[in-house]
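Visitor: Here you go, this is data_26.cif (mmCIF, C-alpha atoms and all ligand atoms).
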```cif
data_structure
#
loop_
_atom_site.label_atom_id
_atom_site.label_comp_id
_atom_site.auth_asym_id
_atom_site.auth_seq_id
_atom_site.Cartn_x
_atom_site.Cartn_y
_atom_site.Cartn_z
CA MET A 1 -26.07 0.51 33.95
CA HIS A 2 -27.43 -0.04 30.47
CA LEU A 3 -26.45 2.19 27.65
CA PRO A 4 -28.45 2.08 24.45
CA PRO A 5 -26.38 0.70 21.57
CA ARG A 6 -24.77 3.51 19.65
CA PRO A 7 -25.95 3.44 16.06
CA GLY A 8 -23.09 2.53 13.76
CA ALA A 9 -20.79 1.58 16.63
CA ARG A 10 -20.78 -2.05 15.50
CA PRO A 11 -20.03 -3.02 11.98
CA ASP A 12 -22.94 -4.58 10.14
CA ARG A 13 -22.67 -7.88 8.27
CA ALA A 14 -20.82 -6.41 5.33
CA GLY A 15 -18.48 -4.62 7.71
CA GLN A 16 -17.78 -7.86 9.54
CA ALA A 17 -17.02 -9.62 6.28
CA PHE A 18 -14.54 -6.87 5.33
CA ALA A 19 -12.92 -7.00 8.76
CA ARG A 20 -12.53 -10.78 8.45
CA LEU A 21 -10.94 -10.36 5.06
CA LEU A 22 -8.54 -7.77 6.44
CA GLU A 23 -7.50 -10.06 9.27
CA ALA A 24 -7.11 -13.08 7.01
CA ARG A 25 -4.87 -11.15 4.63
CA THR A 26 -2.78 -9.05 7.02
CA GLY A 27 -3.38 -10.19 10.59
CA GLN A 28 -4.67 -6.70 11.36
CA ARG A 29 -7.58 -6.67 13.77
CA LEU A 30 -9.97 -3.79 13.91
CA ALA A 31 -10.29 -2.90 17.55
CA ALA A 32 -13.91 -2.55 18.61
CA ASP A 33 -13.48 1.16 19.12
CA ARG A 34 -12.36 1.52 15.53
CA ALA A 35 -15.08 -0.57 13.96
CA TRP A 36 -16.71 2.58 12.62
CA ARG A 37 -13.69 2.89 10.40
CA VAL A 38 -14.96 0.17 8.10
CA ASP A 39 -17.82 2.30 6.88
CA THR A 40 -15.82 5.47 6.46
CA ALA A 41 -12.85 3.68 4.97
CA ILE A 42 -14.82 1.74 2.39
CA ARG A 43 -16.91 4.69 1.17
CA PRO A 44 -14.45 6.07 -1.41
CA LEU A 45 -14.06 2.58 -2.91
CA LEU A 46 -17.84 2.22 -3.18
CA ALA A 47 -18.01 5.57 -4.93
CA ARG A 48 -15.25 4.62 -7.39
CA MET A 49 -17.06 1.39 -8.18
CA GLY A 50 -20.41 3.11 -8.55
CA LEU A 51 -21.95 1.09 -5.73
CA SER A 52 -24.37 2.65 -3.31
CA HIS A 53 -24.11 0.24 -0.40
CA ALA A 54 -21.44 -1.82 1.35
CA ASP A 55 -23.71 -4.90 1.07
CA GLU A 56 -23.38 -4.79 -2.71
CA LEU A 57 -19.61 -4.85 -2.41
CA ALA A 58 -19.75 -7.70 0.10
CA ALA A 59 -22.03 -9.66 -2.22
CA ARG A 60 -19.74 -9.09 -5.16
CA LEU A 61 -16.77 -10.34 -3.13
CA THR A 62 -18.57 -13.55 -2.20
CA GLU A 63 -19.80 -14.16 -5.74
CA THR A 64 -16.62 -13.45 -7.65
CA ARG A 65 -13.82 -14.29 -5.21
CA ASP A 66 -11.98 -11.67 -7.21
CA THR A 67 -8.55 -11.36 -5.57
CA MET A 68 -7.89 -7.94 -7.12
CA LEU A 69 -11.10 -6.68 -5.61
CA GLU A 70 -10.24 -8.26 -2.27
CA GLU A 71 -6.95 -6.45 -2.38
CA ARG A 72 -8.63 -3.13 -3.00
CA VAL A 73 -10.90 -3.69 -0.01
CA VAL A 74 -7.96 -4.63 2.21
CA ASP A 75 -6.02 -1.58 1.01
CA ALA A 76 -8.95 0.67 1.82
CA LEU A 77 -9.16 -0.73 5.36
CA LEU A 78 -5.47 -0.58 6.23
CA ASN A 79 -4.39 2.27 8.43
CA GLN A 80 -1.51 3.73 6.45
CA GLU A 81 -0.83 6.75 8.55
CA THR A 82 2.79 7.79 8.58
CA SER A 83 4.93 10.88 8.20
CA PHE A 84 8.43 12.03 7.41
CA PHE A 85 10.66 11.93 10.50
CA ARG A 86 7.93 10.39 12.60
CA ASP A 87 9.21 10.61 16.19
CA ALA A 88 12.11 12.64 14.82
CA GLY A 89 14.52 12.00 17.69
CA VAL A 90 14.08 8.28 17.31
CA ILE A 91 14.87 8.29 13.59
CA GLU A 92 18.00 10.35 14.20
CA GLY A 93 19.00 8.02 17.03
CA ALA A 94 18.52 5.03 14.75
CA VAL A 95 20.83 6.47 12.12
CA GLU A 96 23.45 7.29 14.77
CA ALA A 97 23.28 3.81 16.26
CA VAL A 98 23.68 2.17 12.87
CA ARG A 99 26.58 4.39 11.85
CA LEU A 100 28.31 3.58 15.09
CA ALA A 101 27.77 -0.16 14.83
CA THR A 102 28.81 -0.49 11.20
CA ALA A 103 31.71 1.95 10.95
CA GLY A 104 33.17 1.73 7.46
CA ARG A 105 30.89 -1.10 6.30
CA ARG A 106 27.74 -0.60 4.29
CA PRO A 107 24.80 -0.94 6.70
CA ARG A 108 21.75 -3.02 5.84
CA ILE A 109 18.40 -1.61 6.93
CA TRP A 110 14.86 -2.89 6.58
CA SER A 111 11.91 -0.56 6.93
CA ALA A 112 9.10 -3.08 7.39
CA ALA A 113 5.51 -1.90 6.92
CA CYS A 114 6.80 1.37 5.50
CA ALA A 115 3.38 2.50 4.22
CA THR A 116 3.90 5.24 1.59
CA GLY A 117 7.65 5.42 2.17
CA GLN A 118 8.21 8.44 4.37
CA GLU A 119 10.17 6.41 6.93
CA PRO A 120 12.81 4.90 4.63
CA LEU A 121 13.09 8.20 2.78
CA SER A 122 13.76 10.01 6.06
CA LEU A 123 16.54 7.52 6.78
CA ALA A 124 17.98 7.91 3.29
CA MET A 125 18.00 11.72 3.69
CA LEU A 126 19.92 11.51 6.96
CA PHE A 127 22.48 9.11 5.55
CA ALA A 128 22.92 11.13 2.37
CA GLU A 129 23.37 14.33 4.36
CA ALA A 130 25.89 12.73 6.70
CA GLY A 131 28.05 11.45 3.84
CA GLY A 132 29.74 8.07 4.03
CA PRO A 133 28.37 4.90 2.53
CA MET A 134 24.67 4.91 1.65
CA PRO A 135 23.14 1.94 3.41
CA GLU A 136 21.33 -0.81 1.59
CA ILE A 137 17.72 0.02 2.44
CA THR A 138 14.90 -2.43 1.88
CA ALA A 139 11.39 -1.03 2.30
CA THR A 140 8.29 -3.19 2.27
CA ASP A 141 4.59 -3.07 2.95
CA VAL A 142 1.68 -5.46 2.49
CA SER A 143 -0.16 -2.83 0.48
CA ALA A 144 0.78 -2.86 -3.19
CA GLY A 145 -0.86 0.55 -3.53
CA ALA A 146 1.30 2.05 -0.79
CA ILE A 147 4.47 0.59 -2.32
CA ALA A 148 3.56 1.92 -5.77
CA ARG A 149 3.09 5.39 -4.29
CA ALA A 150 6.35 5.15 -2.40
CA ARG A 151 8.23 4.09 -5.48
CA ALA A 152 6.78 7.01 -7.45
CA GLY A 153 7.91 9.38 -4.71
CA VAL A 154 5.16 11.95 -5.21
CA TYR A 155 3.67 13.52 -2.10
CA SER A 156 0.89 16.00 -1.44
CA GLN A 157 1.44 19.39 0.09
CA PHE A 158 -0.16 18.06 3.26
CA GLU A 159 2.26 15.12 3.43
CA VAL A 160 5.41 17.18 2.92
CA GLN A 161 4.35 19.47 5.73
CA ARG A 162 4.24 16.77 8.36
CA GLY A 163 7.55 16.22 10.07
CA LEU A 164 9.70 17.40 7.17
CA PRO A 165 11.80 20.50 7.90
CA ILE A 166 11.54 23.11 5.13
CA ARG A 167 15.27 22.98 4.40
CA ARG A 168 14.96 19.29 3.63
CA LEU A 169 12.00 20.00 1.36
CA MET A 170 14.18 22.53 -0.46
CA ARG A 171 17.07 20.15 -0.73
CA TRP A 172 15.33 16.91 -1.64
CA PHE A 173 12.08 17.76 -3.45
CA ALA A 174 10.89 19.42 -6.63
CA GLY A 175 7.47 21.03 -6.46
CA GLU A 176 4.81 21.44 -9.07
CA GLY A 177 1.69 23.07 -7.73
CA ASP A 178 0.86 21.05 -4.65
CA ARG A 179 2.61 17.88 -5.82
CA TRP A 180 6.09 17.31 -4.50
CA THR A 181 8.45 14.77 -6.02
CA VAL A 182 11.35 13.45 -4.02
CA ALA A 183 14.80 13.23 -5.61
CA THR A 184 15.40 9.97 -7.46
CA GLU A 185 18.76 9.84 -5.72
CA LEU A 186 16.77 8.85 -2.62
CA THR A 187 14.00 6.67 -4.09
CA ASP A 188 16.56 4.78 -6.19
CA ALA A 189 18.67 4.08 -3.13
CA ILE A 190 15.81 2.05 -1.68
CA ALA A 191 14.64 -1.41 -2.78
CA TRP A 192 10.84 -1.28 -2.59
CA TYR A 193 8.69 -4.33 -2.62
CA ARG A 194 5.49 -5.80 -1.38
CA HIS A 195 5.84 -8.05 1.62
CA ASN A 196 3.40 -9.48 4.12
CA LEU A 197 4.93 -9.75 7.59
CA VAL A 198 2.58 -12.51 8.71
CA ALA A 199 2.79 -14.71 5.63
CA ASP A 200 5.87 -14.12 3.50
CA PRO A 201 9.43 -15.36 4.15
CA MET A 202 11.56 -12.65 5.71
CA PRO A 203 14.19 -11.04 3.49
CA GLY A 204 17.52 -12.70 4.18
CA GLY A 205 21.07 -11.59 4.65
CA GLY A 206 20.83 -10.19 8.16
CA PHE A 207 19.94 -6.60 8.95
CA ASP A 208 21.82 -4.13 11.11
CA LEU A 209 18.53 -2.36 11.76
CA ILE A 210 14.91 -3.30 11.30
CA LEU A 211 12.21 -0.68 11.80
CA CYS A 212 8.77 -2.15 12.30
CA ARG A 213 6.73 0.64 13.72
CA ASN A 214 3.04 1.03 14.37
CA VAL A 215 1.92 -2.17 12.74
CA LEU A 216 2.31 -5.04 15.21
CA PHE A 217 0.02 -3.32 17.66
CA TYR A 218 -3.11 -4.47 15.84
CA LEU A 219 -2.07 -8.10 15.45
CA ALA A 220 -3.51 -10.80 17.66
CA PRO A 221 -0.97 -11.61 20.43
CA ASP A 222 0.03 -15.05 19.11
CA LEU A 223 0.60 -13.65 15.64
CA ARG A 224 2.58 -10.74 17.06
CA GLU A 225 4.83 -13.19 18.88
CA GLN A 226 5.43 -15.14 15.67
CA VAL A 227 6.30 -12.02 13.71
CA LEU A 228 8.67 -10.79 16.43
CA ALA A 229 10.41 -14.18 16.43
CA ARG A 230 10.88 -14.00 12.67
CA LEU A 231 12.09 -10.40 12.88
CA ALA A 232 14.63 -11.50 15.48
CA LYS A 233 15.96 -14.09 13.03
CA ALA A 234 16.15 -11.51 10.24
CA LEU A 235 18.48 -9.37 12.36
CA ARG A 236 22.22 -9.82 12.26
CA PRO A 237 23.34 -11.23 15.61
CA ASP A 238 24.26 -7.70 16.70
CA GLY A 239 21.41 -5.94 14.86
CA LEU A 240 18.85 -3.59 16.36
CA LEU A 241 15.07 -3.58 16.15
CA LEU A 242 12.99 -0.44 16.45
CA LEU A 243 9.28 -0.54 17.24
CA GLY A 244 6.79 2.32 17.39
CA ALA A 245 6.50 4.63 20.37
CA GLY A 246 4.39 2.74 22.89
CA GLU A 247 5.11 -0.69 21.40
CA THR A 248 7.29 -3.21 23.20
CA VAL A 249 8.62 -6.77 22.97
CA ILE A 250 8.33 -7.22 26.69
CA GLY A 251 5.97 -10.09 27.37
CA GLN A 252 5.64 -10.66 23.61
CA SER A 253 8.85 -12.42 22.70
CA ASP A 254 11.52 -14.59 24.35
CA LEU A 255 13.98 -13.88 21.58
CA LEU A 256 14.28 -10.12 21.94
CA VAL A 257 15.24 -7.86 24.83
CA PRO A 258 15.69 -4.12 25.29
CA SER A 259 19.16 -3.17 24.09
CA MET A 260 21.68 -1.98 26.66
CA ARG A 261 23.86 -0.13 24.13
CA ALA A 262 21.09 1.70 22.24
CA ARG A 263 18.22 2.98 24.36
CA GLY A 264 14.77 2.48 22.91
CA PHE A 265 15.91 -0.36 20.64
CA TYR A 266 15.63 -4.11 21.00
CA GLU A 267 18.21 -6.75 20.22
CA ARG A 268 18.48 -10.51 20.06
CA VAL A 269 18.59 -12.20 23.42
CA ASP A 270 21.52 -14.40 22.31
CA ARG A 271 23.58 -11.31 21.49
CA ALA A 272 22.64 -9.67 24.80
CA ALA A 273 23.63 -12.84 26.66
CA ALA A 274 26.94 -13.04 24.79
CA ALA A 275 27.66 -9.39 25.60
CA SER A 276 27.04 -9.89 29.32
CA ARG A 277 29.18 -13.06 29.32
CA ARG A 278 31.99 -10.95 27.89
CA VAL A 279 31.53 -8.43 30.69
CA TYR A 280 31.55 -11.18 33.35
CA SER A 281 34.58 -12.96 31.96
CA ARG A 282 36.49 -9.69 31.97
CA ALA A 283 35.55 -9.03 35.61
CA MET B 9 3.01 29.02 28.29
CA LYS B 10 4.64 29.95 24.98
CA THR B 11 3.56 33.05 23.14
CA CYS B 12 2.76 33.36 19.45
CA LEU B 13 2.08 36.46 17.39
CA ILE B 14 -0.09 35.86 14.33
CA VAL B 15 0.58 38.38 11.58
CA ASP B 16 -2.05 38.24 8.84
CA ASP B 17 -4.36 40.76 7.24
CA SER B 18 -7.11 38.17 6.96
CA LYS B 19 -9.37 38.04 9.97
CA VAL B 20 -10.49 34.53 9.05
CA ILE B 21 -6.94 33.17 8.95
CA ARG B 22 -6.12 34.84 12.26
CA LYS B 23 -9.17 33.27 13.81
CA VAL B 24 -8.38 29.77 12.50
CA ALA B 25 -4.73 30.02 13.52
CA ARG B 26 -5.61 31.40 16.94
CA HIS B 27 -7.99 28.54 17.57
CA ILE B 28 -5.38 25.92 16.66
CA LEU B 29 -2.62 27.64 18.65
CA GLU B 30 -4.79 27.90 21.72
CA THR B 31 -5.50 24.17 21.61
CA LEU B 32 -1.70 23.77 21.50
CA ASP B 33 -1.46 25.84 24.70
CA PHE B 34 -0.10 29.04 23.21
CA THR B 35 -0.89 32.52 24.42
CA VAL B 36 -1.84 34.27 21.21
CA SER B 37 -1.75 37.86 20.02
CA GLU B 38 -2.59 39.20 16.58
CA ALA B 39 -1.23 41.84 14.21
CA VAL B 40 -2.86 42.94 10.97
CA ASP B 41 0.31 43.82 9.03
CA GLY B 42 4.10 43.98 9.30
CA ARG B 43 4.21 47.43 10.83
CA ASP B 44 1.68 46.51 13.52
CA ALA B 45 3.71 43.35 14.21
CA LEU B 46 6.96 45.27 14.58
CA THR B 47 5.37 47.63 17.13
CA GLN B 48 4.09 44.66 19.11
CA CYS B 49 7.45 42.87 19.01
CA ARG B 50 9.15 45.95 20.47
CA ALA B 51 6.69 46.02 23.34
CA SER B 52 6.80 42.29 23.99
CA THR B 53 8.69 39.78 21.86
CA PRO B 54 6.83 36.50 21.36
CA ASP B 55 8.46 33.06 21.25
CA VAL B 56 7.26 32.50 17.72
CA ILE B 57 5.72 34.52 14.90
CA LEU B 58 3.34 33.12 12.30
CA LEU B 59 3.89 35.41 9.35
CA ASP B 60 1.80 36.02 6.23
CA TRP B 61 3.48 37.14 3.01
CA ASN B 62 1.22 39.65 1.29
CA MET B 63 -0.12 42.37 3.54
CA PRO B 64 -1.12 45.96 2.73
CA VAL B 65 1.34 47.73 5.05
CA MET B 66 4.79 46.14 5.20
CA SER B 67 4.90 42.63 3.69
CA GLY B 68 6.11 39.58 5.55
CA ILE B 69 9.53 39.77 3.90
CA GLU B 70 9.93 43.47 4.72
CA PHE B 71 8.91 42.75 8.29
CA LEU B 72 11.44 39.93 8.54
CA ARG B 73 14.26 42.17 7.30
CA ALA B 74 13.23 44.96 9.70
CA LEU B 75 13.01 42.50 12.57
CA GLY B 76 16.63 41.51 11.98
CA THR B 77 17.80 45.04 12.81
CA GLU B 78 15.70 45.45 15.97
CA PRO B 79 17.45 45.28 19.35
CA LEU B 80 15.10 42.73 20.88
CA THR B 81 15.50 40.76 24.12
CA HIS B 82 15.54 37.51 22.13
CA ARG B 83 15.11 36.32 18.53
CA PRO B 84 11.62 34.95 18.01
CA LYS B 85 11.28 31.93 15.73
CA VAL B 86 9.57 32.91 12.51
CA VAL B 87 7.28 30.56 10.61
CA PHE B 88 6.17 31.93 7.26
CA CYS B 89 2.59 31.01 6.54
CA THR B 90 1.41 31.78 3.04
CA THR B 91 -0.43 30.62 -0.07
CA GLU B 92 2.81 31.04 -2.02
CA ASN B 93 3.98 27.48 -2.55
CA GLY B 94 6.71 27.83 -5.15
CA MET B 95 10.30 26.89 -4.37
CA ALA B 96 11.47 30.42 -5.29
CA HIS B 97 9.24 31.94 -2.63
CA ILE B 98 10.33 29.39 -0.06
CA ARG B 99 13.97 30.16 -0.80
CA THR B 100 13.40 33.91 -0.54
CA ALA B 101 11.71 33.51 2.85
CA ILE B 102 14.41 31.23 4.26
CA GLU B 103 17.17 33.50 2.98
CA ALA B 104 15.44 36.48 4.60
CA GLY B 105 15.72 34.66 7.92
CA ALA B 106 12.54 32.59 8.35
CA ASP B 107 13.01 29.38 10.36
CA GLU B 108 10.15 27.44 8.85
CA TYR B 109 7.55 27.72 6.13
CA VAL B 110 3.91 26.64 6.01
CA MET B 111 1.98 26.53 2.77
CA LYS B 112 -1.69 27.34 3.15
CA PRO B 113 -4.11 25.76 3.56
CA PHE B 114 -2.83 24.30 6.81
CA ASP B 115 -4.43 22.22 9.53
CA ARG B 116 -3.65 21.58 13.16
CA GLU B 117 -1.17 18.80 12.46
CA THR B 118 0.77 20.88 9.97
CA LEU B 119 1.07 23.78 12.34
CA GLN B 120 1.95 21.57 15.28
CA SER B 121 4.58 19.76 13.24
CA LYS B 122 6.23 23.02 12.14
CA LEU B 123 6.16 24.44 15.67
CA GLN B 124 7.84 21.26 16.91
CA ILE B 125 10.49 21.55 14.23
CA VAL B 126 11.41 25.08 15.35
CA GLY B 127 11.38 23.84 18.94
CA VAL B 128 8.52 25.79 20.47
CA ALA B 129 5.88 23.05 20.72
C1 LIG C 1 0.17 2.90 10.55
S1 LIG C 1 1.18 2.44 9.20
C2 LIG C 1 2.79 2.71 9.87
C3 LIG C 1 3.80 3.11 8.83
C4 LIG C 1 5.21 3.33 9.36
N1 LIG C 1 5.82 2.10 9.83
C5 LIG C 1 5.21 4.35 10.48
O1 LIG C 1 5.36 4.00 11.63
O2 LIG C 1 5.03 5.54 10.19
C6 LIG C 1 0.99 0.68 9.18
C7 LIG C 1 1.41 0.01 7.88
O3 LIG C 1 1.49 -1.39 8.08
C8 LIG C 1 1.08 -2.05 6.91
N2 LIG C 1 0.72 -3.43 7.25
C9 LIG C 1 -0.37 -3.86 7.90
N3 LIG C 1 -0.35 -5.19 8.03
C10 LIG C 1 0.80 -5.62 7.45
C11 LIG C 1 1.39 -6.91 7.24
N4 LIG C 1 0.78 -8.02 7.66
N5 LIG C 1 2.58 -6.96 6.59
C12 LIG C 1 3.19 -5.83 6.16
N6 LIG C 1 2.68 -4.61 6.32
C13 LIG C 1 1.49 -4.50 6.95
C14 LIG C 1 -0.07 -1.19 6.41
O4 LIG C 1 -0.32 -1.39 5.03
C15 LIG C 1 0.44 0.21 6.74
O5 LIG C 1 1.08 0.78 5.64
#
```
Using the file provided, produce a representation of the structure as structure tokens.

Guide:
Amino acid sequence: MHLPPRPGARPDRAGQAFARLLEARTGQRLAADRAWRVDTAIRPLLARMGLSHADELAARLTETRDTMLEERVVDALLNQETSFFRDAGVIEGAVEAVRLATAGRRPRIWSAACATGQEPLSLAMLFAEAGGPMPEITATDVSAGAIARARAGVYSQFEVQRGLPIRRLMRWFAGEGDRWTVATELTDAIAWYRHNLVADPMPGGGFDLILCRNVLFYLAPDLREQVLARLAKALRPDGLLLLGAGETVIGQSDLLVPSMRARGFYERVDRAAAASRRVYSRA
Amino acid sequence: MKTCLIVDDSKVIRKVARHILETLDFTVSEAVDGRDALTQCRASTPDVILLDWNMPVMSGIEFLRALGTEPLTHRPKVVFCTTENGMAHIRTAIEAGADEYVMKPFDRETLQSKLQIVGVA
């Protein structure tokens, strides 16, 4: 059966150049079924720059090799979708698991690829509401724009109405028209910085919990395996890793296994082996 | 299937909300003001009520207070749904007994998210 090619289903030359740039900078691959995104995603940037066609932007990139401009293109192409309390049960479970594992000690948490910050802020809210020591939360993303927004802590009416219960809006935000600013008590409790999972050294010190959700999915398999291996090393020996719903380490990493003590999380294979040795030696 | 009563004097809003709710698998009924809504709740109490603030006969807040004194089979969840987006309004609604609060304009995701938060979606 032959179907006529759908117009616009394949990115044109400029689109391919942008997609290559995106992959070179972030490892993110545009799946064929999302190739249309290039056009739509780049349009606002074209408008801001006063350009009428993607080819002009592509030409300018080749001519100038302007890294700031490259960054703006990459930012425009990144899928930065997120929300407060995304997969709410999972976020609550993560906080529970960490509190349990670190009783009395200050937990260390890394929200990797945190986009505009809703994930680490959700964690900070839960910890603040529960009392006890506020964890040390590191939140990073490859997009400087996303991190700047997160640090500013200002969200649109649309954003504060996704996943965030109204009582938490009342408690943690101040509104002005349709702009909502989160309490500095929360933003200040988080160390925000730009970090590229595929290229930059992992933050050290060992984490009790790393959240890396909805980002590895679009990496090429070999790159995904490398990142998972480096995430495993960034965990404390008994730390937990949380991926997005529908993401898994199974078949992607020899260093991580599903955790037996915290369902839905992953942990280092050496820790899991040590734990089962303890069980056997007791038996 | 869960049931939702939309209470809004605007026909357009009712239509938009109905469309979204039906795609979320709700059985939907409509009321044009608070008094109409109260009558309908007595006859058949929905699982959740989407409630406008300003309506000609019996405002959303008045309805909410009246609802509290009704001997109903069960307490429906109440999601306020209004253009009022100030913190003072939100506080008034929550203190009057609303479970959630949607600021208009809303879209499908907003509504779905709020319905999940109150546990009906
Ligand atoms: C779909 S969002 C997910 C945000 C959040 N983790 C969540 O689950 O709601 C993906 C994020 O990954 C970021 N990202 C993509 N490639 C990255 C990389 N190589 N290193 C760090 N962050 C990256 C994007 O900028 C974007 O903010």

Visitor: Could you list, as a PyMOL selection string, the residues of chain A having an atom within 8 Å of chain B when counting all atoms listed in the file?

Guide: chain A and resi 157-158+161-163+165-166+170+174-178

Visitor: With distances taken over only C-alpha atoms, which of B:Glu103, B:Glu78, B:Glu70, B:Asp55 is nearest to Gly127 of chain B?

Guide: B:Asp55

Visitor: Once 6 Å is added on each side, what are the centre and the three edge lengths, in Å to one decimal, of the axis-aligned box enclosing the listed atoms of ligand LIG 1 (chain C)? Present them as lines of an AutoDock Vina configuration file.

Guide:
```
center_x = 2.7
center_y = -1.2
center_z = 8.3
size_x = 18.2
size_y = 25.6
size_z = 18.6
```

Visitor: Find the spatial neighbours of Thr26 of chain A, counting all atoms listed in the file, within a cut-off of 9 Å - ignore same-chain residues fewer than 6 positions away - and output them as an mmCIF file with C-alpha atoms, in the coordinates of the input.

Guide:
```cif
data_model
loop_
_atom_site.group_PDB
_atom_site.id
_atom_site.type_symbol
_atom_site.label_atom_id
_atom_site.label_comp_id
_atom_site.auth_asym_id
_atom_site.auth_seq_id
_atom_site.Cartn_x
_atom_site.Cartn_y
_atom_site.Cartn_z
ATOM 1 C CA VAL A 74 -7.960 -4.630 2.210
ATOM 2 C CA LEU A 78 -5.470 -0.580 6.230
ATOM 3 C CA VAL A 142 1.680 -5.460 2.490
ATOM 4 C CA ASN A 196 3.400 -9.480 4.120
ATOM 5 C CA LEU A 197 4.930 -9.750 7.590
ATOM 6 C CA VAL A 198 2.580 -12.510 8.710
ATOM 7 C CA ALA A 199 2.790 -14.710 5.630
ATOM 8 C CA LEU A 219 -2.070 -8.100 15.450
#
```

Visitor: Write as a JSON list (two decimals) with C-alpha atoms, keeping the file's coordinate frame the residues around ligand LIG 1 (chain C), taking 8 Å as the cut-off and counting all atoms listed in the file.

Guide:
```
[["chain", "number", "residue", "atom", "x", "y", "z"],
["A", 25, "ARG", "CA", -4.87, -11.15, 4.63],
["A", 26, "THR", "CA", -2.78, -9.05, 7.02],
["A", 27, "GLY", "CA", -3.38, -10.19, 10.59],
["A", 28, "GLN", "CA", -4.67, -6.70, 11.36],
["A", 75, "ASP", "CA", -6.02, -1.58, 1.01],
["A", 78, "LEU", "CA", -5.47, -0.58, 6.23],
["A", 79, "ASN", "CA", -4.39, 2.27, 8.43],
["A", 80, "GLN", "CA", -1.51, 3.73, 6.45],
["A", 81, "GLU", "CA", -0.83, 6.75, 8.55],
["A", 82, "THR", "CA", 2.79, 7.79, 8.58],
["A", 83, "SER", "CA", 4.93, 10.88, 8.20],
["A", 84, "PHE", "CA", 8.43, 12.03, 7.41],
["A", 86, "ARG", "CA", 7.93, 10.39, 12.60],
["A", 111, "SER", "CA", 11.91, -0.56, 6.93],
["A", 112, "ALA", "CA", 9.10, -3.08, 7.39],
["A", 113, "ALA", "CA", 5.51, -1.90, 6.92],
["A", 114, "CYS", "CA", 6.80, 1.37, 5.50],
["A", 115, "ALA", "CA", 3.38, 2.50, 4.22],
["A", 116, "THR", "CA", 3.90, 5.24, 1.59],
["A", 117, "GLY", "CA", 7.65, 5.42, 2.17],
["A", 118, "GLN", "CA", 8.21, 8.44, 4.37],
["A", 119, "GLU", "CA", 10.17, 6.41, 6.93],
["A", 140, "THR", "CA", 8.29, -3.19, 2.27],
["A", 141, "ASP", "CA", 4.59, -3.07, 2.95],
["A", 142, "VAL", "CA", 1.68, -5.46, 2.49],
["A", 143, "SER", "CA", -0.16, -2.83, 0.48],
["A", 146, "ALA", "CA", 1.30, 2.05, -0.79],
["A", 194, "ARG", "CA", 5.49, -5.80, -1.38],
["A", 195, "HIS", "CA", 5.84, -8.05, 1.62],
["A", 196, "ASN", "CA", 3.40, -9.48, 4.12],
["A", 197, "LEU", "CA", 4.93, -9.75, 7.59],
["A", 198, "VAL", "CA", 2.58, -12.51, 8.71],
["A", 199, "ALA", "CA", 2.79, -14.71, 5.63],
["A", 211, "LEU", "CA", 12.21, -0.68, 11.80],
["A", 212, "CYS", "CA", 8.77, -2.15, 12.30],
["A", 213, "ARG", "CA", 6.73, 0.64, 13.72],
["A", 214, "ASN", "CA", 3.04, 1.03, 14.37],
["A", 215, "VAL", "CA", 1.92, -2.17, 12.74],
["A", 216, "LEU", "CA", 2.31, -5.04, 15.21],
["A", 244, "GLY", "CA", 6.79, 2.32, 17.39]]
```

Visitor: One decimal, Å: what's the distance from atom CA of Phe88 of chain B over to atom CA of Ile69 of chain B, could you say?

Guide: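 Taking atom CA of Phe88 of chain B and atom CA of Ile69 of chain B, their separation equals 9.2 Å.
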
Visitor: Please indicate the distance in Å from atom CA of Val182 of chain A to atom CA of Arg168 of chain A, rounded to one decimal place.

Guide: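 If I compute the distance from atom CA of Val182 of chain A to atom CA of Arg168 of chain A, I get 10.3 Å.
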
Visitor: Take atom CA of Lys23 of chain B and atom CA of Tyr155 of chain A and report the distance between them in Å, one decimal.

Guide: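 Straight-line distance from atom CA of Lys23 of chain B to atom CA of Tyr155 of chain A works out to 28.4 Å.
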
Visitor: Within 10 Å of (11.6, 35.8, 25.8) in the file's own coordinates, which protein, DNA or RNA residues have an atom, counting only C-alpha atoms? List them as JSON, numbers by chain.

Guide: {"B": [10, 11, 52, 53, 54, 55, 56, 80, 81, 82, 83, 84]}

Visitor: Choose the residue, out of A:Asp12, A:Asp254, A:Asp208, A:Glu225, that has the smallest atom-to-atom separation from Gly239 of chain A; count only C-alpha atoms.

Guide: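 Among A:Asp12, A:Asp254, A:Asp208, A:Glu225, it is A:Asp208 that comes nearest to Gly239 of chain A.
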
Visitor: Between B:Asp41, B:Asp33, B:Cys12, B:Pro79, single out the one closest to Met63 of chain B, counting only C-alpha atoms.

Guide: B:Asp41

Visitor: I need every residue sitting at most 8 Å from the point (23.0, 0.6, -4.8) (coordinates as in the file, all atoms listed in the file considered), written as an NGL selection string.

Guide: :A and (134 or 136 or 188-190)

Visitor: Which residue is closest to Ala106 of chain B? Choose from B:Ala74, B:Ala39, B:Val15, B:Leu59 and count only C-alpha atoms.

Guide: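 Ranking B:Ala74, B:Ala39, B:Val15, B:Leu59 by distance to Ala106 of chain B, first place goes to B:Leu59.
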
Visitor: Can you work out which one of A:Thr184, A:Leu169, A:Leu77, A:Thr40 has the shortest atom-to-atom distance to Ala19 of chain A, counting all atoms listed in the file?

Guide: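 Looking only at the distances to Ala19 of chain A, the closest residue turns out to be A:Leu77.
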